[in-house]
>>> print(open('coords.cif').read())   # mmCIF, C-alpha atoms
data_my_file
#
loop_
_atom_site.group_PDB
_atom_site.id
_atom_site.type_symbol
_atom_site.label_atom_id
_atom_site.label_comp_id
_atom_site.auth_asym_id
_atom_site.auth_seq_id
_atom_site.Cartn_x
_atom_site.Cartn_y
_atom_site.Cartn_z
ATOM 1 C CA ARG A 1 2.049 2.213 -12.235
ATOM 2 C CA VAL A 2 -1.395 1.101 -11.061
ATOM 3 C CA GLY A 3 -4.615 2.377 -12.632
ATOM 4 C CA LEU A 4 -7.071 4.246 -10.415
ATOM 5 C CA GLY A 5 -9.785 1.747 -11.315
ATOM 6 C CA GLN A 6 -7.867 -0.799 -9.213
ATOM 7 C CA VAL A 7 -8.525 1.123 -5.970
ATOM 8 C CA ARG A 8 -11.186 -0.565 -3.860
ATOM 9 C CA GLY A 9 -14.192 1.617 -3.038
ATOM 10 C CA LEU A 10 -13.529 4.307 -5.656
ATOM 11 C CA THR A 11 -16.877 4.972 -7.366
ATOM 12 C CA GLY A 12 -17.289 5.475 -11.085
ATOM 13 C CA GLY A 13 -18.630 9.009 -10.602
ATOM 14 C CA THR A 14 -15.623 10.119 -8.581
ATOM 15 C CA LEU A 15 -13.263 8.488 -11.053
ATOM 16 C CA GLU A 16 -14.910 10.296 -13.982
ATOM 17 C CA ARG A 17 -14.771 13.685 -12.214
ATOM 18 C CA LEU A 18 -11.147 13.074 -11.245
ATOM 19 C CA LEU A 19 -10.059 12.278 -14.793
ATOM 20 C CA ALA A 20 -12.089 15.136 -16.299
ATOM 21 C CA SER A 21 -10.720 17.688 -13.845
ATOM 22 C CA ARG A 22 -7.164 16.514 -14.372
ATOM 23 C CA ALA A 23 -7.581 16.758 -18.149
ATOM 24 C CA ASP A 24 -9.223 20.212 -18.056
ATOM 25 C CA GLU A 25 -7.401 21.942 -15.189
ATOM 26 C CA GLY A 26 -4.137 20.052 -14.886
ATOM 27 C CA ALA A 27 -2.565 18.021 -12.123
ATOM 28 C CA PHE A 28 -3.816 18.185 -8.541
ATOM 29 C CA LEU A 29 -1.482 20.261 -6.378
ATOM 30 C CA SER A 30 -2.671 19.397 -2.879
ATOM 31 C CA LEU A 31 -5.224 17.413 -0.913
ATOM 32 C CA PRO A 32 -7.603 20.426 -0.553
ATOM 33 C CA ASP A 33 -7.292 21.039 -4.283
ATOM 34 C CA PHE A 34 -8.259 17.421 -4.972
ATOM 35 C CA LEU A 35 -11.304 17.550 -2.664
ATOM 36 C CA ALA A 36 -12.520 20.865 -4.088
ATOM 37 C CA ARG A 37 -12.297 19.693 -7.694
ATOM 38 C CA THR A 38 -13.564 16.099 -7.390
ATOM 39 C CA ARG A 39 -15.985 16.207 -4.412
ATOM 40 C CA ALA A 40 -14.736 12.735 -3.467
ATOM 41 C CA ARG A 41 -16.155 11.078 -0.366
ATOM 42 C CA VAL A 42 -14.058 10.802 2.772
ATOM 43 C CA ASP A 43 -13.731 7.007 2.541
ATOM 44 C CA GLU A 44 -12.696 7.214 -1.123
ATOM 45 C CA THR A 45 -10.026 9.795 -0.300
ATOM 46 C CA GLU A 46 -8.801 7.703 2.638
ATOM 47 C CA HIS A 47 -8.319 4.725 0.320
ATOM 48 C CA LEU A 48 -6.390 6.860 -2.167
ATOM 49 C CA VAL A 49 -4.152 8.153 0.626
ATOM 50 C CA GLN A 50 -3.558 4.705 2.107
ATOM 51 C CA CYS A 51 -2.635 3.061 -1.193
ATOM 52 C CA GLY A 52 -0.125 5.826 -2.020
ATOM 53 C CA ALA A 53 -1.956 7.857 -4.686
ATOM 54 C CA PHE A 54 -1.071 11.133 -2.884
ATOM 55 C CA ASP A 55 2.547 10.347 -1.977
ATOM 56 C CA GLY A 56 3.611 13.030 -4.488
ATOM 57 C CA PHE A 57 2.246 15.738 -2.169
ATOM 58 C CA ASP A 58 5.411 15.348 -0.067
ATOM 59 C CA ARG A 59 3.547 14.399 3.102
ATOM 60 C CA THR A 60 3.502 11.117 4.946
ATOM 61 C CA ARG A 61 0.323 9.110 4.694
ATOM 62 C CA PRO A 62 -0.581 9.645 8.404
ATOM 63 C CA GLU A 63 -0.111 13.418 7.925
ATOM 64 C CA LEU A 64 -2.417 13.370 4.898
ATOM 65 C CA LEU A 65 -5.066 11.437 6.834
ATOM 66 C CA TRP A 66 -4.778 13.954 9.696
ATOM 67 C CA ARG A 67 -5.291 16.817 7.269
ATOM 68 C CA LEU A 68 -8.199 15.012 5.619
ATOM 69 C CA HIS A 69 -9.848 14.827 9.044
ATOM 70 C CA LEU A 70 -9.503 18.602 9.383
ATOM 71 C CA LEU A 71 -10.721 19.290 5.869
ATOM 72 C CA THR A 72 -13.895 17.314 6.473
ATOM 73 C CA THR A 73 -14.582 18.876 9.883
ATOM 74 C CA GLU A 74 -17.191 21.642 10.059
ATOM 75 C CA THR A 75 -15.572 25.084 10.235
ATOM 76 C CA ARG A 76 -17.577 26.113 13.266
ATOM 77 C CA ARG A 77 -16.399 23.109 15.242
ATOM 78 C CA PRO A 78 -12.630 22.493 15.114
ATOM 79 C CA PRO A 79 -11.562 19.046 16.380
ATOM 80 C CA ARG A 80 -11.199 18.768 20.119
ATOM 81 C CA GLY A 81 -7.634 18.867 21.287
ATOM 82 C CA ALA A 82 -6.388 20.051 17.900
ATOM 83 C CA GLU A 83 -5.789 23.593 19.271
ATOM 84 C CA LEU A 84 -6.908 25.135 15.997
ATOM 85 C CA ASP A 85 -8.914 28.327 15.746
ATOM 86 C CA ARG A 86 -11.134 29.063 12.769
ATOM 87 C CA GLY A 87 -8.381 30.967 10.989
ATOM 88 C CA ARG A 88 -6.017 28.012 11.124
ATOM 89 C CA LEU A 89 -8.738 25.619 10.065
ATOM 90 C CA ALA A 90 -9.471 27.911 7.106
ATOM 91 C CA ALA A 91 -5.770 27.877 6.247
ATOM 92 C CA CYS A 92 -5.872 24.091 6.241
ATOM 93 C CA ARG A 93 -8.763 24.176 3.765
ATOM 94 C CA ALA A 94 -6.972 26.550 1.379
ATOM 95 C CA THR A 95 -6.339 25.391 -2.167
ATOM 96 C CA PRO A 96 -3.555 26.647 -4.458
ATOM 97 C CA ARG A 97 -6.100 28.864 -6.234
ATOM 98 C CA SER A 98 -7.423 30.394 -3.017
ATOM 99 C CA ARG A 99 -3.870 30.934 -1.775
ATOM 100 C CA GLU A 100 -3.094 32.959 -4.910
ATOM 101 C CA GLU A 101 -6.206 35.060 -4.374
ATOM 102 C CA ASP A 102 -5.311 35.623 -0.709
ATOM 103 C CA ALA A 103 -1.777 36.647 -1.659
ATOM 104 C CA LEU A 104 -3.142 39.120 -4.221
ATOM 105 C CA ARG A 105 -5.522 40.657 -1.670
ATOM 106 C CA ALA A 106 -2.712 40.930 0.869
ATOM 107 C CA ALA A 107 -0.471 42.650 -1.696
ATOM 108 C CA ARG A 108 -3.194 45.146 -2.543
ATOM 109 C CA ALA A 109 -3.798 45.812 1.147
ATOM 110 C CA ARG A 110 -0.128 46.562 1.710
ATOM 111 C CA THR A 111 -0.004 49.061 -1.176
ATOM 112 C CA ARG A 112 -3.293 50.940 -0.856
ATOM 113 C CA GLY A 113 -3.340 54.479 0.527
ATOM 114 C CA TRP A 114 -4.520 58.086 0.049
ATOM 115 C CA ARG A 115 -4.487 60.066 -3.173
ATOM 116 C CA SER A 116 -2.956 63.019 -1.332
ATOM 117 C CA GLY A 117 0.569 61.603 -1.498
ATOM 118 C CA LEU A 118 0.591 60.110 1.992
ATOM 119 C CA ALA A 119 -0.056 56.716 0.459
ATOM 120 C CA LEU A 120 1.820 53.578 1.417
ATOM 121 C CA GLY A 121 2.119 52.712 -2.255
ATOM 122 C CA ARG A 122 1.125 53.725 -5.739
ATOM 123 C CA VAL A 123 -2.409 52.309 -5.753
ATOM 124 C CA GLU A 124 -5.057 55.029 -5.739
ATOM 125 C CA LEU A 125 -8.516 54.630 -4.285
ATOM 126 C CA ALA A 126 -11.543 54.745 -6.537
ATOM 127 C CA PRO A 127 -14.216 57.338 -5.773
ATOM 128 C CA GLY A 128 -16.012 56.284 -2.593
ATOM 129 C CA GLU A 129 -13.519 53.515 -1.780
ATOM 130 C CA THR A 130 -11.984 53.439 1.673
ATOM 131 C CA ALA A 131 -8.824 51.851 2.950
ATOM 132 C CA SER A 132 -6.815 51.552 6.132
ATOM 133 C CA LEU A 133 -3.214 52.579 6.567
ATOM 134 C CA PHE A 134 -2.789 49.540 8.791
ATOM 135 C CA PRO A 135 -4.124 46.415 7.014
ATOM 136 C CA ASP A 136 -4.912 43.305 8.994
ATOM 137 C CA PRO A 137 -1.928 40.964 9.465
ATOM 138 C CA GLU A 138 -1.814 37.878 7.304
ATOM 139 C CA ALA A 139 -3.287 34.724 8.806
ATOM 140 C CA PRO A 140 -0.609 32.429 10.206
ATOM 141 C CA SER A 141 0.205 29.464 7.996
ATOM 142 C CA LEU A 142 -0.949 26.109 9.228
ATOM 143 C CA VAL A 143 1.783 23.783 10.417
ATOM 144 C CA LEU A 144 0.732 20.146 10.303
ATOM 145 C CA PRO A 145 2.137 17.811 12.946
ATOM 146 C CA GLY A 146 5.094 15.794 11.767
ATOM 147 C CA LEU A 147 3.883 12.207 11.838
ATOM 148 C CA PRO A 148 6.165 9.295 10.932
ATOM 149 C CA ASP A 149 5.248 7.337 7.856
ATOM 150 C CA LEU A 150 4.037 3.749 8.000
ATOM 151 C CA ASP A 151 6.699 1.069 7.946
ATOM 152 C CA ARG A 152 7.118 -1.055 4.840
ATOM 153 C CA SER A 153 5.048 -3.917 6.207
ATOM 154 C CA GLU A 154 2.079 -1.690 7.089
ATOM 155 C CA ARG A 155 2.253 0.032 3.707
ATOM 156 C CA GLY A 156 2.316 -3.312 1.937
ATOM 157 C CA LEU A 157 -0.639 -4.677 3.898
ATOM 158 C CA LEU A 158 -2.750 -1.608 3.067
ATOM 159 C CA GLU A 159 -1.745 -1.732 -0.594
ATOM 160 C CA PHE A 160 -2.657 -5.404 -0.791
ATOM 161 C CA GLU A 161 -5.997 -4.762 0.916
ATOM 162 C CA LEU A 162 -6.957 -1.786 -1.276
ATOM 163 C CA LEU A 163 -5.357 -2.738 -4.595
ATOM 164 C CA GLY A 164 -5.205 -6.524 -4.486
ATOM 165 C CA LEU A 165 -1.440 -6.284 -5.028
ATOM 166 C CA THR A 166 1.589 -4.644 -3.447
ATOM 167 C CA VAL A 167 3.487 -1.693 -4.912
ATOM 168 C CA THR A 168 6.168 -0.919 -2.316
ATOM 169 C CA ASP A 169 7.704 -4.391 -1.990
ATOM 170 C CA HIS A 170 7.154 -7.931 -3.165
ATOM 171 C CA PRO A 171 4.670 -9.897 -1.000
ATOM 172 C CA VAL A 172 7.379 -12.429 -0.129
ATOM 173 C CA ALA A 173 9.293 -9.646 1.619
ATOM 174 C CA LEU A 174 6.224 -8.248 3.382
ATOM 175 C CA PHE A 175 4.139 -11.143 4.610
ATOM 176 C CA PRO A 176 5.145 -13.740 7.197
ATOM 177 C CA CYS A 177 5.564 -17.327 6.053
ATOM 178 C CA ALA A 178 3.341 -19.690 8.049
ATOM 179 C CA ALA A 179 5.764 -22.519 7.263
ATOM 180 C CA ASP A 180 8.433 -20.810 9.376
ATOM 181 C CA ALA A 181 6.276 -21.091 12.499
ATOM 182 C CA ARG A 182 5.488 -24.750 11.764
ATOM 183 C CA LEU A 183 9.178 -25.483 11.243
ATOM 184 C CA ASP A 184 10.096 -23.800 14.519
ATOM 185 C CA GLU A 185 7.557 -25.960 16.305
ATOM 186 C CA LEU A 186 8.938 -29.043 14.572
ATOM 187 C CA ARG A 187 12.499 -28.206 15.622
ATOM 188 C CA ARG A 188 11.446 -27.778 19.245
ATOM 189 C CA ALA A 189 10.187 -31.370 19.298
ATOM 190 C CA PRO A 190 13.263 -33.407 20.376
ATOM 191 C CA ARG A 191 12.365 -36.717 18.714
ATOM 192 C CA LEU A 192 9.620 -38.020 16.447
ATOM 193 C CA PRO A 193 8.556 -41.663 15.935
ATOM 194 C CA ARG A 194 9.055 -43.215 12.513
ATOM 195 C CA ALA A 195 6.882 -45.829 10.871
ATOM 196 C CA ASP A 196 9.394 -48.582 11.770
ATOM 197 C CA GLY A 197 9.223 -47.632 15.444
ATOM 198 C CA LYS A 198 12.640 -45.972 15.584
ATOM 199 C CA LEU A 199 13.105 -42.363 16.643
ATOM 200 C CA LEU A 200 13.988 -39.612 14.179
ATOM 201 C CA ASP A 201 15.860 -36.471 15.228
ATOM 202 C CA ALA A 202 13.536 -33.548 14.429
ATOM 203 C CA ARG A 203 16.468 -31.313 13.585
ATOM 204 C CA THR A 204 17.121 -33.338 10.416
ATOM 205 C CA ARG A 205 13.571 -32.630 9.176
ATOM 206 C CA ARG A 206 14.122 -29.203 7.724
ATOM 207 C CA PRO A 207 14.085 -27.660 4.240
ATOM 208 C CA VAL A 208 17.238 -28.455 2.283
ATOM 209 C CA HIS A 209 19.236 -26.088 0.096
ATOM 210 C CA PRO A 210 16.974 -22.995 -0.092
ATOM 211 C CA ILE A 211 17.295 -21.174 -3.434
ATOM 212 C CA ASP A 212 15.635 -18.311 -5.319
ATOM 213 C CA CYS A 213 12.921 -19.110 -7.841
ATOM 214 C CA ALA A 214 14.970 -17.743 -10.744
ATOM 215 C CA ALA A 215 17.831 -20.135 -9.942
ATOM 216 C CA LEU A 216 15.756 -23.321 -10.315
ATOM 217 C CA GLU A 217 17.207 -24.299 -13.710
ATOM 218 C CA ASP A 218 20.727 -24.228 -12.232
ATOM 219 C CA TYR A 219 19.918 -27.194 -9.975
ATOM 220 C CA ALA A 220 18.512 -29.794 -12.364
ATOM 221 C CA GLY A 221 18.505 -33.198 -10.668
ATOM 222 C CA GLY A 222 19.070 -31.753 -7.185
ATOM 223 C CA ARG A 223 16.883 -31.404 -4.107
ATOM 224 C CA VAL A 224 16.112 -27.793 -3.249
ATOM 225 C CA THR A 225 13.628 -25.688 -1.296
ATOM 226 C CA LEU A 226 11.719 -22.705 -2.678
ATOM 227 C CA ARG A 227 10.099 -19.942 -0.677
ATOM 228 C CA GLY A 228 7.575 -18.113 -2.814
ATOM 229 C CA TRP A 229 4.230 -16.430 -3.318
ATOM 230 C CA LEU A 230 1.506 -18.508 -4.957
ATOM 231 C CA ALA A 231 0.953 -16.563 -8.184
ATOM 232 C CA ALA A 232 -1.131 -19.174 -10.041
ATOM 233 C CA SER A 233 -2.597 -22.627 -9.463
ATOM 234 C CA ARG A 234 -4.370 -25.294 -11.502
ATOM 235 C CA ARG A 235 -5.909 -28.503 -10.203
ATOM 236 C CA VAL A 236 -6.390 -31.490 -12.531
ATOM 237 C CA ARG A 237 -7.357 -35.152 -12.314
ATOM 238 C CA THR A 238 -4.999 -37.929 -13.271
ATOM 239 C CA SER A 239 -6.050 -40.825 -15.508
ATOM 240 C CA SER A 240 -6.835 -42.786 -12.348
ATOM 241 C CA GLY A 241 -9.168 -40.054 -11.101
ATOM 242 C CA GLN A 242 -6.858 -38.655 -8.400
ATOM 243 C CA TRP A 243 -6.317 -34.938 -7.903
ATOM 244 C CA MET A 244 -2.951 -33.270 -8.485
ATOM 245 C CA ARG A 245 -1.978 -29.639 -8.712
ATOM 246 C CA PHE A 246 0.306 -27.380 -10.750
ATOM 247 C CA LEU A 247 1.641 -24.277 -8.969
ATOM 248 C CA THR A 248 3.502 -21.158 -10.041
ATOM 249 C CA PHE A 249 5.642 -19.720 -7.250
ATOM 250 C CA GLU A 250 7.084 -16.220 -7.411
ATOM 251 C CA ASP A 251 9.650 -14.257 -5.418
ATOM 252 C CA GLU A 252 11.644 -11.074 -6.014
ATOM 253 C CA THR A 253 13.896 -12.848 -8.531
ATOM 254 C CA GLY A 254 11.367 -14.543 -10.806
ATOM 255 C CA ILE A 255 8.966 -17.478 -11.065
ATOM 256 C CA ALA A 256 9.229 -21.259 -10.724
ATOM 257 C CA GLU A 257 6.845 -24.057 -11.695
ATOM 258 C CA VAL A 258 5.981 -26.692 -9.080
ATOM 259 C CA VAL A 259 4.088 -29.982 -9.471
ATOM 260 C CA LEU A 260 2.231 -31.665 -6.609
ATOM 261 C CA PHE A 261 1.537 -35.274 -7.514
ATOM 262 C CA PRO A 262 -1.492 -36.995 -5.914
ATOM 263 C CA ALA A 263 0.314 -38.434 -2.868
ATOM 264 C CA VAL A 264 1.905 -35.121 -1.898
ATOM 265 C CA TYR A 265 -1.210 -33.113 -2.769
ATOM 266 C CA SER A 266 -3.502 -35.279 -0.646
ATOM 267 C CA ARG A 267 -1.118 -34.991 2.316
ATOM 268 C CA ASP A 268 0.007 -31.335 2.115
ATOM 269 C CA GLY A 269 -2.551 -29.637 -0.132
ATOM 270 C CA HIS A 270 -4.373 -28.153 2.880
ATOM 271 C CA VAL A 271 -1.405 -25.807 3.348
ATOM 272 C CA LEU A 272 -2.422 -23.898 0.208
ATOM 273 C CA VAL A 273 -5.331 -22.107 1.870
ATOM 274 C CA ASP A 274 -3.865 -18.682 1.043
ATOM 275 C CA ALA A 275 -1.357 -17.130 -1.335
ATOM 276 C CA GLY A 276 1.523 -17.590 1.081
ATOM 277 C CA PRO A 277 4.401 -17.226 1.171
ATOM 278 C CA HIS A 278 4.976 -21.002 1.177
ATOM 279 C CA ARG A 279 7.972 -23.300 1.418
ATOM 280 C CA VAL A 280 8.218 -26.384 -0.772
ATOM 281 C CA THR A 281 10.993 -28.969 -1.025
ATOM 282 C CA GLY A 282 11.448 -31.298 -3.968
ATOM 283 C CA VAL A 283 13.588 -32.508 -6.862
ATOM 284 C CA VAL A 284 14.274 -30.346 -9.921
ATOM 285 C CA GLU A 285 13.353 -32.134 -13.130
ATOM 286 C CA ASN A 286 14.533 -30.936 -16.535
ATOM 287 C CA ASP A 287 12.023 -31.831 -19.251
ATOM 288 C CA LEU A 288 13.363 -30.743 -22.658
ATOM 289 C CA GLY A 289 14.882 -27.587 -21.198
ATOM 290 C CA ALA A 290 11.923 -26.694 -18.950
ATOM 291 C CA CYS A 291 12.790 -27.090 -15.284
ATOM 292 C CA THR A 292 10.039 -27.970 -12.810
ATOM 293 C CA LEU A 293 10.164 -28.748 -9.121
ATOM 294 C CA HIS A 294 8.502 -32.070 -8.300
ATOM 295 C CA ALA A 295 7.368 -31.454 -4.756
ATOM 296 C CA GLU A 296 8.156 -33.866 -1.945
ATOM 297 C CA ARG A 297 6.941 -31.727 0.940
ATOM 298 C CA LEU A 298 4.999 -28.523 1.549
ATOM 299 C CA TRP A 299 6.114 -27.256 4.918
#
>>> encode(input="coords.cif", output="structure tokens")
Amino acid sequence: RVGLGQVRGLTGGTLERLLASRADEGAFLSLPDFLARTRARVDETEHLVQCGAFDGFDRTRPELLWRLHLLTTETRRPPRGAELDRGRLAACRATPRSREEDALRAARARTRGWRSGLALGRVELAPGETASLFPDPEAPSLVLPGLPDLDRSERGLLEFELLGLTVTDHPVALFPCAADARLDELRRAPRLPRADGKLLDARTRRPVHPIDCAALEDYAGGRVTLRGWLAASRRVRTSSGQWMRFLTFEDETGIAEVVLFPAVYSRDGHVLVDAGPHRVTGVVENDLGACTLHAERLW
């Protein structure tokens, strides 16, 4: 559960009106109901739709954005190509409260009649009140177009952009790993020169024994490869004045601590320009029960 204050672009005034209305009048029942009670701006409402705040309205996010476009369009000018008359546009703007009032008026219209006994129902007219035996037909209900929802990757990207985190899936499952593209390029190179002048088969230069972050302690003393999201980082100087870095990697299973000593950090530290995901290969060291991966290579 993510607090509304986390949503990018949501102003304090809108947030206060939203919370006050929810406390005084209860939960919001639809997108028109939300707009009528909070007077939120279009861009604020778009952000709430895109990060999933209105998923409980049983509409896909593209459908909600389509309806938001209609709700914020002037009544006298329906959107071009939408094939909506003013009655349908009014139906789109209806809130649960206005729907109840419309239903009550329609029920009264169907039951009103004459006092002489020729009435259509039991409702009598007040002195001077007039009524028709044939009330106007109810306005047709608005049918929104069925639009497919965003795929998991698109949802995750929007959530990360608007919330600073992902709700649908873990970032490791959503975002591409730049190391994979670099490894593919490395594998396509048939041979690479070594420092001693001999040739090294590029296919042998690949991550060894990939494991989940939570399984790190099961491989003490072994060489493994982690693929994870950079959750935390701390850079420090050694006693000799060189830079090294401590990393916390995270995947769907848990977290793992990684150490980049000066030689590895100076060579591969440029890879850590974003949160990842990243691939790192190294040796698992067990220090008094705490397992840490001493990195040999950031791919």
>>> closest_residue(input="coords.cif", among="A:His209, A:Pro277, A:Val271, A:Glu252", to="Trp229 of chain A", atoms="only C-alpha atoms")
A:Pro277
>>> atom_distance(input="coords.cif", atom1="atom CA of Pro62 of chain A", atom2="atom CA of Leu158 of chain A")
12.6 Å
>>> axis_aligned_box(input="coords.cif", around="segment 282-293 of chain A", padding_each_side="8 Å", output="JSON")
{"center_x": 12.5, "center_y": -29.6, "center_z": -13.3, "size_x": 20.8, "size_y": 21.8, "size_z": 34.7}
>>> residues_around(input="coords.cif", residues="Gly282 of chain A", least_positions_apart="5", cutoff="8 Å", atoms="all atoms listed in the file", output="number ranges by chain")
A: 223-225, 293-297
>>> closest_residue(input="coords.cif", among="A:Glu257, A:Glu250, A:Glu285, A:Glu16", to="Ala40 of chain A", atoms="all atoms listed in the file")
A:Glu16
>>> atom_distance(input="coords.cif", atom1="atom CA of Trp299 of chain A", atom2="atom CA of His278 of chain A")
7.4 Å
>>> resolve_selection(input="coords.cif", expression="the PyMOL selection byres ((chain A and resi 268) around 12)", output="list in words")
Ala179, Met244, Arg245, Leu260, Phe261, Pro262, Ala263, Val264, Tyr265, Ser266, Arg267, Gly269, His270, Val271, Leu272, Val273, His278, Arg279, Val280, Thr281, Ala295, Glu296, Arg297, Leu298 and Trp299 of chain A
>>> atom_distance(input="coords.cif", atom1="atom CA of Gly276 of chain A", atom2="atom CA of Phe249 of chain A")
9.5 Å
>>> residues_around(input="coords.cif", residues="Leu174 of chain A", least_positions_apart="4", cutoff="12 Å", atoms="only C-alpha atoms", output="PyMOL selection string")
chain A and resi 151-160+165-170+228-229+251-252+276-277
>>> resolve_selection(input="coords.cif", expression="the PyMOL selection byres ((chain A and resi 7-15) around 12)", output="PyMOL selection string")
chain A and resi 2-6+16-22+34-35+37-53+158-166
>>> resolve_selection(input="coords.cif", expression="the PyMOL selection byres ((chain A and resi 256) around 10)", output="PyMOL selection string")
chain A and resi 212-217+226+228+231+247-251+253-255+257-258+291-293
>>> write_last_selection(input="coords.cif", atoms="C-alpha atoms", output="short mmCIF file (atom, residue, chain, number, x, y, z; two decimals), keeping the file's coordinate frame")
data_model
loop_
_atom_site.label_atom_id
_atom_site.label_comp_id
_atom_site.auth_asym_id
_atom_site.auth_seq_id
_atom_site.Cartn_x
_atom_site.Cartn_y
_atom_site.Cartn_z
CA ASP A 212 15.64 -18.31 -5.32
CA CYS A 213 12.92 -19.11 -7.84
CA ALA A 214 14.97 -17.74 -10.74
CA ALA A 215 17.83 -20.14 -9.94
CA LEU A 216 15.76 -23.32 -10.32
CA GLU A 217 17.21 -24.30 -13.71
CA LEU A 226 11.72 -22.70 -2.68
CA GLY A 228 7.58 -18.11 -2.81
CA ALA A 231 0.95 -16.56 -8.18
CA LEU A 247 1.64 -24.28 -8.97
CA THR A 248 3.50 -21.16 -10.04
CA PHE A 249 5.64 -19.72 -7.25
CA GLU A 250 7.08 -16.22 -7.41
CA ASP A 251 9.65 -14.26 -5.42
CA THR A 253 13.90 -12.85 -8.53
CA GLY A 254 11.37 -14.54 -10.81
CA ILE A 255 8.97 -17.48 -11.06
CA GLU A 257 6.84 -24.06 -11.70
CA VAL A 258 5.98 -26.69 -9.08
CA CYS A 291 12.79 -27.09 -15.28
CA THR A 292 10.04 -27.97 -12.81
CA LEU A 293 10.16 -28.75 -9.12
#
>>> closest_residue(input="coords.cif", among="A:Glu185, A:Ala290, A:Val284, A:Leu230", to="Val172 of chain A", atoms="only C-alpha atoms")
A:Leu230
>>> closest_residue(input="coords.cif", among="A:Ala275, A:Leu65, A:Leu186, A:Val259", to="Pro32 of chain A", atoms="only C-alpha atoms")
A:Leu65
>>> closest_residue(input="coords.cif", among="A:Ala232, A:Ile211, A:Pro171, A:Ala220", to="Asp287 of chain A", atoms="all atoms listed in the file")
A:Ala220
